[in-house]
file work_20.pdb (PDB, C-alpha atoms and all ligand atoms)
MODEL        1
ATOM      1  CA  MET A   1      22.457 -43.314  -9.857
ATOM      2  CA  LYS A   2      26.078 -42.758 -10.963
ATOM      3  CA  LEU A   3      28.216 -45.286  -9.119
ATOM      4  CA  THR A   4      31.616 -44.390  -7.672
ATOM      5  CA  PHE A   5      34.556 -45.557  -9.852
ATOM      6  CA  THR A   6      32.347 -45.580 -12.988
ATOM      7  CA  HIS A   7      32.077 -42.945 -15.749
ATOM      8  CA  SER A   8      35.796 -42.184 -15.587
ATOM      9  CA  PRO A   9      36.677 -38.967 -17.416
ATOM     10  CA  LEU A  10      39.877 -40.594 -18.702
ATOM     11  CA  VAL A  11      40.470 -41.798 -22.228
ATOM     12  CA  HIS A  12      42.967 -44.683 -22.246
ATOM     13  CA  ALA A  13      44.759 -43.289 -25.354
ATOM     14  CA  GLY A  14      45.766 -46.810 -26.369
ATOM     15  CA  PRO A  15      47.157 -46.063 -29.842
ATOM     16  CA  GLN A  16      49.088 -42.961 -28.717
ATOM     17  CA  ARG A  17      50.582 -44.480 -25.577
ATOM     18  CA  THR A  18      52.647 -46.958 -27.606
ATOM     19  CA  ASP A  19      54.801 -43.937 -28.643
ATOM     20  CA  PRO A  20      57.315 -43.134 -25.836
ATOM     21  CA  ASP A  21      57.643 -39.560 -27.158
ATOM     22  CA  PHE A  22      53.898 -39.046 -26.699
ATOM     23  CA  VAL A  23      54.076 -40.260 -23.082
ATOM     24  CA  ALA A  24      57.150 -38.050 -22.460
ATOM     25  CA  ALA A  25      55.286 -35.037 -23.884
ATOM     26  CA  CYS A  26      52.338 -35.819 -21.591
ATOM     27  CA  ARG A  27      54.692 -35.923 -18.614
ATOM     28  CA  ALA A  28      56.010 -32.458 -19.499
ATOM     29  CA  HIS A  29      52.575 -30.997 -20.335
ATOM     30  CA  PRO A  30      52.070 -27.911 -18.111
ATOM     31  CA  ALA A  31      48.565 -29.020 -17.094
ATOM     32  CA  ALA A  32      49.526 -32.664 -16.394
ATOM     33  CA  ARG A  33      48.455 -34.038 -13.026
ATOM     34  CA  THR A  34      49.449 -36.938 -10.784
ATOM     35  CA  VAL A  35      47.580 -38.626  -7.944
ATOM     36  CA  ILE A  36      49.743 -40.109  -5.203
ATOM     37  CA  LEU A  37      49.000 -43.264  -3.254
ATOM     38  CA  CYS A  38      50.994 -44.761  -0.381
ATOM     39  CA  LYS A  39      50.480 -48.414   0.592
ATOM     40  CA  GLY A  40      47.151 -48.312  -1.277
ATOM     41  CA  ASP A  41      45.915 -45.286   0.679
ATOM     42  CA  VAL A  42      45.349 -41.785  -0.707
ATOM     43  CA  VAL A  43      47.923 -39.106   0.131
ATOM     44  CA  LEU A  44      46.216 -35.804   0.915
ATOM     45  CA  GLY A  45      47.452 -32.284   0.333
ATOM     46  CA  GLU A  46      47.425 -29.422   2.824
ATOM     47  CA  THR A  47      43.788 -28.622   2.010
ATOM     48  CA  GLY A  48      42.662 -32.114   3.028
ATOM     49  CA  GLU A  49      41.838 -32.993  -0.579
ATOM     50  CA  PRO A  50      43.698 -35.792  -2.430
ATOM     51  CA  LEU A  51      47.184 -34.544  -3.295
ATOM     52  CA  VAL A  52      47.551 -33.762  -7.022
ATOM     53  CA  LEU A  53      51.025 -32.848  -8.294
ATOM     54  CA  HIS A  54      52.592 -32.109 -11.650
ATOM     55  CA  PRO A  55      54.362 -35.310 -12.829
ATOM     56  CA  LEU A  56      57.784 -33.628 -12.759
ATOM     57  CA  GLU A  57      57.181 -32.643  -9.144
ATOM     58  CA  ALA A  58      55.836 -36.106  -8.284
ATOM     59  CA  ALA A  59      58.970 -37.651  -9.818
ATOM     60  CA  THR A  60      61.112 -35.889  -7.201
ATOM     61  CA  LEU A  61      59.452 -37.972  -4.445
ATOM     62  CA  ARG A  62      60.758 -41.417  -3.578
ATOM     63  CA  LEU A  63      58.397 -43.573  -5.653
ATOM     64  CA  THR A  64      58.067 -47.337  -5.837
ATOM     65  CA  PRO A  65      58.754 -48.972  -9.252
ATOM     66  CA  PRO A  66      57.884 -48.207 -11.979
ATOM     67  CA  GLY A  67      57.434 -44.574 -10.857
ATOM     68  CA  LEU A  68      54.893 -42.622 -12.895
ATOM     69  CA  VAL A  69      52.069 -44.543 -14.579
ATOM     70  CA  PHE A  70      50.248 -42.795 -17.434
ATOM     71  CA  LEU A  71      46.561 -43.258 -16.593
ATOM     72  CA  GLY A  72      45.074 -41.472 -19.615
ATOM     73  CA  LEU A  73      43.742 -38.161 -20.890
ATOM     74  CA  GLU A  74      40.933 -36.049 -19.505
ATOM     75  CA  GLY A  75      40.337 -33.885 -22.560
ATOM     76  CA  GLU A  76      43.817 -32.430 -23.155
ATOM     77  CA  THR A  77      44.954 -33.035 -19.583
ATOM     78  CA  PRO A  78      47.248 -36.033 -19.018
ATOM     79  CA  TRP A  79      46.787 -37.837 -15.713
ATOM     80  CA  PHE A  80      49.413 -39.973 -13.986
ATOM     81  CA  GLY A  81      49.454 -42.056 -10.831
ATOM     82  CA  ALA A  82      52.329 -43.038  -8.565
ATOM     83  CA  THR A  83      52.981 -44.823  -5.294
ATOM     84  CA  ALA A  84      55.153 -42.975  -2.787
ATOM     85  CA  GLU A  85      57.438 -44.987  -0.572
ATOM     86  CA  PRO A  86      56.414 -44.862   3.101
ATOM     87  CA  GLY A  87      57.941 -41.763   4.668
ATOM     88  CA  ALA A  88      58.261 -39.895   1.344
ATOM     89  CA  THR A  89      54.925 -38.132   1.992
ATOM     90  CA  PRO A  90      52.591 -37.802   4.967
ATOM     91  CA  PRO A  91      50.782 -41.150   5.505
ATOM     92  CA  GLY A  92      47.764 -41.681   3.250
ATOM     93  CA  VAL A  93      44.178 -41.900   4.424
ATOM     94  CA  ASP A  94      42.044 -45.001   3.938
ATOM     95  CA  PHE A  95      41.211 -45.347   0.238
ATOM     96  CA  ARG A  96      37.501 -46.002   0.802
ATOM     97  CA  ARG A  97      37.130 -43.043   3.124
ATOM     98  CA  ALA A  98      39.019 -40.747   0.724
ATOM     99  CA  THR A  99      37.055 -41.792  -2.349
ATOM    100  CA  MET A 100      33.719 -41.506  -0.552
ATOM    101  CA  MET A 101      34.509 -37.836   0.045
ATOM    102  CA  ALA A 102      36.217 -37.088  -3.291
ATOM    103  CA  ASP A 103      34.705 -35.562  -6.412
ATOM    104  CA  ALA A 104      33.264 -38.326  -8.675
ATOM    105  CA  ASN A 105      35.766 -37.797 -11.516
ATOM    106  CA  LEU A 106      38.722 -37.786  -9.149
ATOM    107  CA  ALA A 107      37.423 -40.925  -7.387
ATOM    108  CA  ALA A 108      37.285 -42.734 -10.752
ATOM    109  CA  ILE A 109      40.850 -41.627 -11.556
ATOM    110  CA  LEU A 110      42.024 -42.777  -8.123
ATOM    111  CA  GLY A 111      40.287 -46.120  -8.664
ATOM    112  CA  ARG A 112      42.115 -46.723 -11.934
ATOM    113  CA  ALA A 113      45.395 -45.634 -10.349
ATOM    114  CA  ARG A 114      44.972 -47.992  -7.400
ATOM    115  CA  ALA A 115      44.197 -51.030  -9.569
ATOM    116  CA  ILE A 116      47.208 -50.481 -11.865
ATOM    117  CA  LEU A 117      49.641 -49.523  -9.100
ATOM    118  CA  ASN A 118      48.661 -52.573  -7.070
ATOM    119  CA  TRP A 119      49.306 -54.742 -10.140
ATOM    120  CA  HIS A 120      52.818 -53.253 -10.414
ATOM    121  CA  ARG A 121      53.514 -54.143  -6.803
ATOM    122  CA  ARG A 122      52.952 -57.810  -7.663
ATOM    123  CA  ARG A 123      54.522 -57.883 -11.114
ATOM    124  CA  THR A 124      58.067 -56.599 -10.590
ATOM    125  CA  TYR A 125      59.334 -59.919 -11.932
ATOM    126  CA  CYS A 126      58.208 -61.949 -14.913
ATOM    127  CA  SER A 127      55.823 -64.721 -13.823
ATOM    128  CA  ASN A 128      57.165 -66.875 -16.656
ATOM    129  CA  CYS A 129      60.939 -66.754 -16.107
ATOM    130  CA  GLY A 130      61.623 -64.560 -13.076
ATOM    131  CA  ALA A 131      63.569 -61.764 -14.827
ATOM    132  CA  PRO A 132      62.749 -58.125 -13.894
ATOM    133  CA  ASN A 133      59.967 -56.754 -16.124
ATOM    134  CA  GLU A 134      60.278 -53.465 -18.029
ATOM    135  CA  PRO A 135      57.455 -50.903 -18.235
ATOM    136  CA  HIS A 136      55.963 -49.992 -21.629
ATOM    137  CA  GLU A 137      53.109 -47.810 -22.867
ATOM    138  CA  GLY A 138      53.192 -45.443 -19.928
ATOM    139  CA  ALA A 139      53.677 -48.418 -17.568
ATOM    140  CA  THR A 140      50.268 -49.908 -18.349
ATOM    141  CA  LYS A 141      52.045 -52.890 -19.861
ATOM    142  CA  LEU A 142      55.119 -54.825 -18.728
ATOM    143  CA  VAL A 143      57.422 -56.778 -21.012
ATOM    144  CA  CYS A 144      60.003 -59.307 -19.884
ATOM    145  CA  PRO A 145      63.301 -58.496 -21.668
ATOM    146  CA  SER A 146      64.486 -62.069 -21.129
ATOM    147  CA  CYS A 147      61.654 -64.235 -22.497
ATOM    148  CA  GLY A 148      59.484 -61.600 -24.211
ATOM    149  CA  THR A 149      56.320 -62.335 -22.213
ATOM    150  CA  GLU A 150      53.898 -59.394 -22.128
ATOM    151  CA  HIS A 151      52.041 -58.696 -18.888
ATOM    152  CA  PHE A 152      48.867 -56.588 -18.664
ATOM    153  CA  PRO A 153      46.980 -55.261 -15.627
ATOM    154  CA  ARG A 154      44.421 -57.858 -14.603
ATOM    155  CA  THR A 155      40.790 -57.449 -13.662
ATOM    156  CA  ASP A 156      39.050 -60.209 -11.706
ATOM    157  CA  PRO A 157      35.325 -60.542 -12.484
ATOM    158  CA  SER A 158      33.065 -61.114  -9.520
ATOM    159  CA  VAL A 159      29.302 -61.569  -9.418
ATOM    160  CA  ILE A 160      27.278 -59.660  -6.853
ATOM    161  CA  MET A 161      23.580 -60.381  -6.536
ATOM    162  CA  LEU A 162      20.392 -59.678  -4.683
ATOM    163  CA  PRO A 163      18.421 -62.933  -4.409
ATOM    164  CA  TYR A 164      14.671 -62.308  -4.175
ATOM    165  CA  SER A 165      11.362 -64.087  -4.383
ATOM    166  CA  GLY A 166       8.126 -62.125  -4.550
ATOM    167  CA  ASP A 167       8.150 -59.411  -1.910
ATOM    168  CA  ARG A 168      11.163 -60.666   0.013
ATOM    169  CA  CYS A 169      14.900 -60.700  -0.588
ATOM    170  CA  VAL A 170      17.751 -62.625   1.022
ATOM    171  CA  LEU A 171      20.675 -60.751   2.566
ATOM    172  CA  GLY A 172      23.693 -62.235   4.279
ATOM    173  CA  ARG A 173      26.376 -61.162   6.710
ATOM    174  CA  GLN A 174      29.986 -62.145   7.237
ATOM    175  CA  PRO A 175      31.294 -62.786  10.750
ATOM    176  CA  ASP A 176      33.708 -59.826  10.770
ATOM    177  CA  TRP A 177      31.054 -57.269   9.779
ATOM    178  CA  PRO A 178      29.762 -54.713  12.301
ATOM    179  CA  PRO A 179      26.655 -55.836  14.232
ATOM    180  CA  GLY A 180      23.416 -55.411  12.316
ATOM    181  CA  MET A 181      25.046 -55.183   8.885
ATOM    182  CA  TYR A 182      23.570 -57.356   6.126
ATOM    183  CA  ALA A 183      24.208 -57.068   2.394
ATOM    184  CA  THR A 184      23.956 -58.702  -1.020
ATOM    185  CA  LEU A 185      25.860 -61.907  -1.811
ATOM    186  CA  ALA A 186      29.060 -61.900  -3.882
ATOM    187  CA  GLY A 187      31.842 -64.125  -5.102
ATOM    188  CA  PHE A 188      34.519 -64.461  -7.757
ATOM    189  CA  MET A 189      33.716 -66.127 -11.053
ATOM    190  CA  GLU A 190      35.310 -69.497 -11.747
ATOM    191  CA  PRO A 191      37.041 -70.322 -15.045
ATOM    192  CA  GLY A 192      34.584 -71.831 -17.522
ATOM    193  CA  GLU A 193      31.497 -70.191 -16.008
ATOM    194  CA  THR A 194      28.998 -67.796 -17.517
ATOM    195  CA  ILE A 195      27.946 -64.833 -15.397
ATOM    196  CA  GLU A 196      24.538 -66.460 -14.800
ATOM    197  CA  GLU A 197      26.149 -69.759 -13.750
ATOM    198  CA  ALA A 198      28.457 -67.979 -11.313
ATOM    199  CA  CYS A 199      25.445 -66.171  -9.841
ATOM    200  CA  ALA A 200      23.560 -69.461  -9.359
ATOM    201  CA  ARG A 201      26.574 -71.288  -7.921
ATOM    202  CA  GLU A 202      27.503 -68.550  -5.450
ATOM    203  CA  THR A 203      23.901 -68.116  -4.285
ATOM    204  CA  PHE A 204      23.563 -71.869  -3.739
ATOM    205  CA  GLU A 205      26.971 -72.203  -2.045
ATOM    206  CA  GLU A 206      26.252 -69.364   0.368
ATOM    207  CA  THR A 207      22.567 -69.974   1.146
ATOM    208  CA  GLY A 208      21.488 -73.347  -0.277
ATOM    209  CA  LEU A 209      18.838 -71.557  -2.370
ATOM    210  CA  LYS A 210      18.323 -72.186  -6.081
ATOM    211  CA  VAL A 211      18.342 -69.381  -8.651
ATOM    212  CA  VAL A 212      15.494 -69.495 -11.184
ATOM    213  CA  SER A 213      16.705 -66.612 -13.355
ATOM    214  CA  ALA A 214      19.354 -63.902 -13.202
ATOM    215  CA  ARG A 215      19.168 -60.448 -14.730
ATOM    216  CA  TYR A 216      22.140 -58.143 -15.278
ATOM    217  CA  VAL A 217      21.693 -54.664 -13.798
ATOM    218  CA  ALA A 218      25.053 -52.829 -13.790
ATOM    219  CA  SER A 219      28.757 -53.305 -13.224
ATOM    220  CA  GLN A 220      31.333 -51.401 -11.215
ATOM    221  CA  PRO A 221      35.136 -51.398 -11.177
ATOM    222  CA  TRP A 222      36.088 -52.155  -7.580
ATOM    223  CA  PRO A 223      39.748 -51.304  -6.875
ATOM    224  CA  PHE A 224      40.135 -53.550  -3.800
ATOM    225  CA  PRO A 225      42.423 -54.507  -5.382
ATOM    226  CA  SER A 226      41.191 -54.890  -9.006
ATOM    227  CA  THR A 227      37.784 -56.512  -9.308
ATOM    228  CA  LEU A 228      34.934 -55.894 -11.721
ATOM    229  CA  MET A 229      31.679 -56.294  -9.788
ATOM    230  CA  ILE A 230      28.898 -57.608 -12.057
ATOM    231  CA  GLY A 231      25.578 -56.767 -10.432
ATOM    232  CA  LEU A 232      22.560 -59.045 -10.898
ATOM    233  CA  MET A 233      19.021 -59.506  -9.651
ATOM    234  CA  ALA A 234      18.604 -63.210  -8.890
ATOM    235  CA  GLU A 235      15.086 -64.610  -8.696
ATOM    236  CA  ILE A 236      15.221 -67.643  -6.415
ATOM    237  CA  GLU A 237      12.966 -70.528  -5.393
ATOM    238  CA  PRO A 238      11.322 -69.933  -2.016
ATOM    239  CA  GLY A 239      12.909 -71.806   0.878
ATOM    240  CA  GLU A 240      14.764 -71.235   4.106
ATOM    241  CA  PRO A 241      18.313 -69.927   3.571
ATOM    242  CA  VAL A 242      21.089 -71.775   5.392
ATOM    243  CA  ALA A 243      24.207 -69.618   5.827
ATOM    244  CA  ARG A 244      27.257 -71.437   4.478
ATOM    245  CA  ASP A 245      30.639 -70.762   2.956
ATOM    246  CA  ASP A 246      31.909 -67.418   4.301
ATOM    247  CA  LEU A 247      28.535 -66.288   5.687
ATOM    248  CA  GLU A 248      27.629 -66.152   9.353
ATOM    249  CA  ASP A 249      23.941 -65.575   8.700
ATOM    250  CA  ALA A 250      21.547 -65.296   5.762
ATOM    251  CA  ARG A 251      17.872 -64.525   6.059
ATOM    252  CA  TRP A 252      14.798 -63.169   4.350
ATOM    253  CA  PHE A 253      13.977 -59.480   4.564
ATOM    254  CA  THR A 254      10.662 -57.896   3.617
ATOM    255  CA  ARG A 255      10.757 -54.652   1.625
ATOM    256  CA  GLU A 256       9.968 -52.739   4.782
ATOM    257  CA  GLU A 257      12.756 -54.431   6.747
ATOM    258  CA  THR A 258      15.200 -53.866   3.898
ATOM    259  CA  ARG A 259      14.297 -50.188   3.660
ATOM    260  CA  GLU A 260      14.700 -49.804   7.414
ATOM    261  CA  LEU A 261      18.107 -51.530   7.336
ATOM    262  CA  TYR A 262      19.424 -49.403   4.478
ATOM    263  CA  GLN A 263      18.072 -46.140   5.829
ATOM    264  CA  GLY A 264      19.584 -46.900   9.219
ATOM    265  CA  GLU A 265      22.520 -49.189   9.833
ATOM    266  CA  MET A 266      23.824 -49.369   6.245
ATOM    267  CA  MET A 267      23.887 -45.575   5.780
ATOM    268  CA  ARG A 268      26.708 -45.440   8.315
ATOM    269  CA  TRP A 269      28.991 -47.586   6.176
ATOM    270  CA  ALA A 270      28.805 -46.036   2.732
ATOM    271  CA  PRO A 271      26.823 -43.470   0.768
ATOM    272  CA  PRO A 272      24.238 -44.941  -1.653
ATOM    273  CA  HIS A 273      26.309 -44.246  -4.791
ATOM    274  CA  TYR A 274      29.392 -46.044  -3.462
ATOM    275  CA  SER A 275      28.568 -49.622  -4.427
ATOM    276  CA  VAL A 276      26.621 -51.621  -6.978
ATOM    277  CA  SER A 277      25.402 -53.662  -4.001
ATOM    278  CA  ARG A 278      23.402 -50.685  -2.841
ATOM    279  CA  LEU A 279      22.151 -50.030  -6.380
ATOM    280  CA  LEU A 280      20.744 -53.583  -6.539
ATOM    281  CA  VAL A 281      18.880 -53.089  -3.284
ATOM    282  CA  GLU A 282      17.494 -49.723  -4.424
ATOM    283  CA  THR A 283      16.466 -51.248  -7.768
ATOM    284  CA  TRP A 284      14.513 -53.971  -5.977
ATOM    285  CA  LEU A 285      12.946 -51.556  -3.468
ATOM    286  CA  ASN A 286      11.813 -49.282  -6.287
ATOM    287  CA  ALA A 287      10.522 -52.093  -8.494
ATOM    288  CA  LYS A 288       7.215 -52.268  -6.660
TER
HETATM  289 ZN    ZN B   1      60.276 -63.680 -18.683
ENDMDL
END
call {"tool": "encode", "arguments": {"input": "work_20.pdb", "output": "structure tokens"}}
result
Amino acid sequence: MKLTFTHSPLVHAGPQRTDPDFVAACRAHPAARTVILCKGDVVLGETGEPLVLHPLEAATLRLTPPGLVFLGLEGETPWFGATAEPGATPPGVDFRRATMMADANLAAILGRARAILNWHRRRTYCSNCGAPNEPHEGATKLVCPSCGTEHFPRTDPSVIMLPYSGDRCVLGRQPDWPPGMYATLAGFMEPGETIEEACARETFEETGLKVVSARYVASQPWPFPSTLMIGLMAEIEPGEPVARDDLEDARWFTREETRELYQGEMMRWAPPHYSVSRLLVETWLNAK
């Protein structure tokens, strides 16, 4: 299963993007394309598809700083991303909804755009000295002209796991989720932790259950706003889960119950390819 936001068609073009002339040539390239976001949502064109403009046309809109961000190359085609100021375009549609419907390559490009553009929103000023940062390398790097600090887009690693023991798995639910919705456990990694330690800590904090072993399955960039989800199967000691931390409930599900849940209630929330969470559940269901 090819997960949404993975297998991006873009090449970062790291060595070339340090040359401002190269980025300028990309901007003027006749086939260059730009995706437009507004307040983190996707702006659509008249056809109902995500709006894609030539960078020179996109630059005529009122854009938030730093304007056009060079996302990378798809073959010879340069791709850019930009955030329109509210009112400069029709309002965007919810990012999740738009990327569930979009072509896989375009969804991956939109995911990269959202993560970098969100970072720009929070990094207008240098976090070291407070001076306004300046964009470099197609605005995928910021440099403070006052103290010289370099700032790069950040990615926050998060573990996401399916705890299981024998023929049963543990799923949890958060209080603000729709009725009947249960899913895998997840949490951000702490400094100084390995992936396996984060998996064991989060599982214990949320359910009180101990992880015996953890196995990496797959990862997924998750642009809400800029997380890397690291998906694991977590074999746990048997015991009764006690929902804690941010969970309202956590309980055992048999394979049959899990299949029923994911073929029913969960199908309404996202297609199977949309999250590594779903991939973990499918992996476990198919393991038998
Ligand atoms: Zn500074």
call {"tool": "resolve_selection", "arguments": {"input": "work_20.pdb", "expression": "the PyMOL selection byres (((not hetatm)) within 8 of (chain B and resi 1))", "output": "list in words"}}
result
Tyr125, Cys126, Ser127, Asn128, Cys129, Gly130, Ala131, Pro132, Asn133, Val143, Cys144, Pro145, Ser146, Cys147, Gly148 and Thr149 of chain A
call {"tool": "write_last_selection", "arguments": {"input": "work_20.pdb", "atoms": "C-alpha atoms", "output": "mmCIF file, keeping the file's coordinate frame"}}
result
data_model
loop_
_atom_site.group_PDB
_atom_site.id
_atom_site.type_symbol
_atom_site.label_atom_id
_atom_site.label_comp_id
_atom_site.auth_asym_id
_atom_site.auth_seq_id
_atom_site.Cartn_x
_atom_site.Cartn_y
_atom_site.Cartn_z
ATOM 1 C CA TYR A 125 59.334 -59.919 -11.932
ATOM 2 C CA CYS A 126 58.208 -61.949 -14.913
ATOM 3 C CA SER A 127 55.823 -64.721 -13.823
ATOM 4 C CA ASN A 128 57.165 -66.875 -16.656
ATOM 5 C CA CYS A 129 60.939 -66.754 -16.107
ATOM 6 C CA GLY A 130 61.623 -64.560 -13.076
ATOM 7 C CA ALA A 131 63.569 -61.764 -14.827
ATOM 8 C CA PRO A 132 62.749 -58.125 -13.894
ATOM 9 C CA ASN A 133 59.967 -56.754 -16.124
ATOM 10 C CA VAL A 143 57.422 -56.778 -21.012
ATOM 11 C CA CYS A 144 60.003 -59.307 -19.884
ATOM 12 C CA PRO A 145 63.301 -58.496 -21.668
ATOM 13 C CA SER A 146 64.486 -62.069 -21.129
ATOM 14 C CA CYS A 147 61.654 -64.235 -22.497
ATOM 15 C CA GLY A 148 59.484 -61.600 -24.211
ATOM 16 C CA THR A 149 56.320 -62.335 -22.213
#
call {"tool": "resolve_selection", "arguments": {"input": "work_20.pdb", "expression": "the PyMOL selection byres (((chain A and resi 210-220) around 7) and not hetatm)", "output": "PDB file with C-alpha atoms, in the coordinates of the input"}}
result
ATOM      1  CA  PHE A   5      34.556 -45.557  -9.852  1.00  0.00           C
ATOM      2  CA  THR A   6      32.347 -45.580 -12.988  1.00  0.00           C
ATOM      3  CA  GLU A 196      24.538 -66.460 -14.800  1.00  0.00           C
ATOM      4  CA  ALA A 200      23.560 -69.461  -9.359  1.00  0.00           C
ATOM      5  CA  PHE A 204      23.563 -71.869  -3.739  1.00  0.00           C
ATOM      6  CA  GLY A 208      21.488 -73.347  -0.277  1.00  0.00           C
ATOM      7  CA  LEU A 209      18.838 -71.557  -2.370  1.00  0.00           C
ATOM      8  CA  PRO A 221      35.136 -51.398 -11.177  1.00  0.00           C
ATOM      9  CA  TRP A 222      36.088 -52.155  -7.580  1.00  0.00           C
ATOM     10  CA  LEU A 228      34.934 -55.894 -11.721  1.00  0.00           C
ATOM     11  CA  MET A 229      31.679 -56.294  -9.788  1.00  0.00           C
ATOM     12  CA  ILE A 230      28.898 -57.608 -12.057  1.00  0.00           C
ATOM     13  CA  GLY A 231      25.578 -56.767 -10.432  1.00  0.00           C
ATOM     14  CA  LEU A 232      22.560 -59.045 -10.898  1.00  0.00           C
ATOM     15  CA  MET A 233      19.021 -59.506  -9.651  1.00  0.00           C
ATOM     16  CA  ALA A 234      18.604 -63.210  -8.890  1.00  0.00           C
ATOM     17  CA  GLU A 235      15.086 -64.610  -8.696  1.00  0.00           C
ATOM     18  CA  ILE A 236      15.221 -67.643  -6.415  1.00  0.00           C
ATOM     19  CA  GLU A 237      12.966 -70.528  -5.393  1.00  0.00           C
ATOM     20  CA  VAL A 276      26.621 -51.621  -6.978  1.00  0.00           C
TER      21      VAL A 276
END
call {"tool": "closest_residue", "arguments": {"input": "work_20.pdb", "among": "A:Leu61, A:Val11, A:Pro178, A:Gly92", "to": "Gly45 of chain A", "atoms": "only C-alpha atoms"}}
result
A:Gly92
call {"tool": "residues_around", "arguments": {"input": "work_20.pdb", "residues": "segment 255-272 of chain A", "least_positions_apart": "3", "cutoff": "10 Å", "atoms": "only C-alpha atoms", "output": "PDB file with C-alpha atoms, in the frame of the given file"}}
result
ATOM      1  CA  MET A   1      22.457 -43.314  -9.857  1.00  0.00           C
ATOM      2  CA  LYS A   2      26.078 -42.758 -10.963  1.00  0.00           C
ATOM      3  CA  LEU A   3      28.216 -45.286  -9.119  1.00  0.00           C
ATOM      4  CA  THR A   4      31.616 -44.390  -7.672  1.00  0.00           C
ATOM      5  CA  ARG A  96      37.501 -46.002   0.802  1.00  0.00           C
ATOM      6  CA  ARG A  97      37.130 -43.043   3.124  1.00  0.00           C
ATOM      7  CA  MET A 100      33.719 -41.506  -0.552  1.00  0.00           C
ATOM      8  CA  MET A 101      34.509 -37.836   0.045  1.00  0.00           C
ATOM      9  CA  ASP A 167       8.150 -59.411  -1.910  1.00  0.00           C
ATOM     10  CA  ARG A 168      11.163 -60.666   0.013  1.00  0.00           C
ATOM     11  CA  CYS A 169      14.900 -60.700  -0.588  1.00  0.00           C
ATOM     12  CA  VAL A 170      17.751 -62.625   1.022  1.00  0.00           C
ATOM     13  CA  LEU A 171      20.675 -60.751   2.566  1.00  0.00           C
ATOM     14  CA  PRO A 178      29.762 -54.713  12.301  1.00  0.00           C
ATOM     15  CA  PRO A 179      26.655 -55.836  14.232  1.00  0.00           C
ATOM     16  CA  GLY A 180      23.416 -55.411  12.316  1.00  0.00           C
ATOM     17  CA  MET A 181      25.046 -55.183   8.885  1.00  0.00           C
ATOM     18  CA  TYR A 182      23.570 -57.356   6.126  1.00  0.00           C
ATOM     19  CA  ALA A 183      24.208 -57.068   2.394  1.00  0.00           C
ATOM     20  CA  TRP A 252      14.798 -63.169   4.350  1.00  0.00           C
ATOM     21  CA  SER A 275      28.568 -49.622  -4.427  1.00  0.00           C
ATOM     22  CA  VAL A 276      26.621 -51.621  -6.978  1.00  0.00           C
ATOM     23  CA  SER A 277      25.402 -53.662  -4.001  1.00  0.00           C
ATOM     24  CA  ARG A 278      23.402 -50.685  -2.841  1.00  0.00           C
ATOM     25  CA  LEU A 279      22.151 -50.030  -6.380  1.00  0.00           C
ATOM     26  CA  VAL A 281      18.880 -53.089  -3.284  1.00  0.00           C
ATOM     27  CA  GLU A 282      17.494 -49.723  -4.424  1.00  0.00           C
ATOM     28  CA  TRP A 284      14.513 -53.971  -5.977  1.00  0.00           C
ATOM     29  CA  LEU A 285      12.946 -51.556  -3.468  1.00  0.00           C
ATOM     30  CA  ASN A 286      11.813 -49.282  -6.287  1.00  0.00           C
ATOM     31  CA  LYS A 288       7.215 -52.268  -6.660  1.00  0.00           C
TER      32      LYS A 288
END
call {"tool": "closest_residue", "arguments": {"input": "work_20.pdb", "among": "A:Ala139, A:Leu247, A:Ala198, A:Val42", "to": "Ala107 of chain A", "atoms": "all atoms listed in the file"}}
result
A:Val42
call {"tool": "resolve_selection", "arguments": {"input": "work_20.pdb", "expression": "the PyMOL selection byres (((chain A and resi 108) around 9) and not hetatm)", "output": "NGL selection string"}}
result
:A and (4-10 or 99 or 103-107 or 109-113 or 221)
call {"tool": "atom_distance", "arguments": {"input": "work_20.pdb", "atom1": "atom CA of Pro163 of chain A", "atom2": "atom CA of Arg244 of chain A"}}
result
15.1 Å
call {"tool": "atom_distance", "arguments": {"input": "work_20.pdb", "atom1": "atom CA of Thr194 of chain A", "atom2": "atom CA of Met161 of chain A"}}
result
14.3 Å
call {"tool": "closest_atom_pairs", "arguments": {"input": "work_20.pdb", "of": "segment 116-151 of chain A", "to": "segment 77-86 of chain A", "cutoff": "9 Å", "atoms": "all atoms listed in the file", "output": "JSON lines"}}
result
{"residue": "A:Ile116", "atom": "CA", "partner": "A:Gly81", "partner_atom": "CA", "distance": 8.8}
{"residue": "A:Leu117", "atom": "CA", "partner": "A:Thr83", "partner_atom": "CA", "distance": 6.9}
{"residue": "A:Gly138", "atom": "CA", "partner": "A:Phe80", "partner_atom": "CA", "distance": 8.9}
call {"tool": "axis_aligned_box", "arguments": {"input": "work_20.pdb", "around": "segment 21-33 of chain A", "padding_each_side": "8 Å", "output": "lines of an AutoDock Vina configuration file"}}
result
center_x = 53.0
center_y = -34.1
center_z = -20.1
size_x = 25.2
size_y = 28.3
size_z = 30.1
call {"tool": "closest_residue", "arguments": {"input": "work_20.pdb", "among": "A:Trp177, A:Leu142, A:Val52, A:Thr203", "to": "Pro241 of chain A", "atoms": "only C-alpha atoms"}}
result
A:Thr203
call {"tool": "closest_residue", "arguments": {"input": "work_20.pdb", "among": "A:Gly192, A:Pro90, A:Gly166, A:Pro65", "to": "His120 of chain A", "atoms": "only C-alpha atoms"}}
result
A:Pro65
call {"tool": "closest_residue", "arguments": {"input": "work_20.pdb", "among": "A:Trp119, A:Thr89, A:Pro225, A:His273", "to": "Glu46 of chain A", "atoms": "all atoms listed in the file"}}
result
A:Thr89
call {"tool": "atom_distance", "arguments": {"input": "work_20.pdb", "atom1": "atom CA of Leu44 of chain A", "atom2": "atom CA of Ala88 of chain A"}}
result
12.7 Å
call {"tool": "residues_near_point", "arguments": {"input": "work_20.pdb", "point": "(46.7, -57.6, -13.9)", "cutoff": "8 Å", "atoms": "only C-alpha atoms", "output": "list of chain:residue names"}}
result
A:Ile116, A:Trp119, A:His151, A:Phe152, A:Pro153, A:Arg154, A:Thr155, A:Ser226
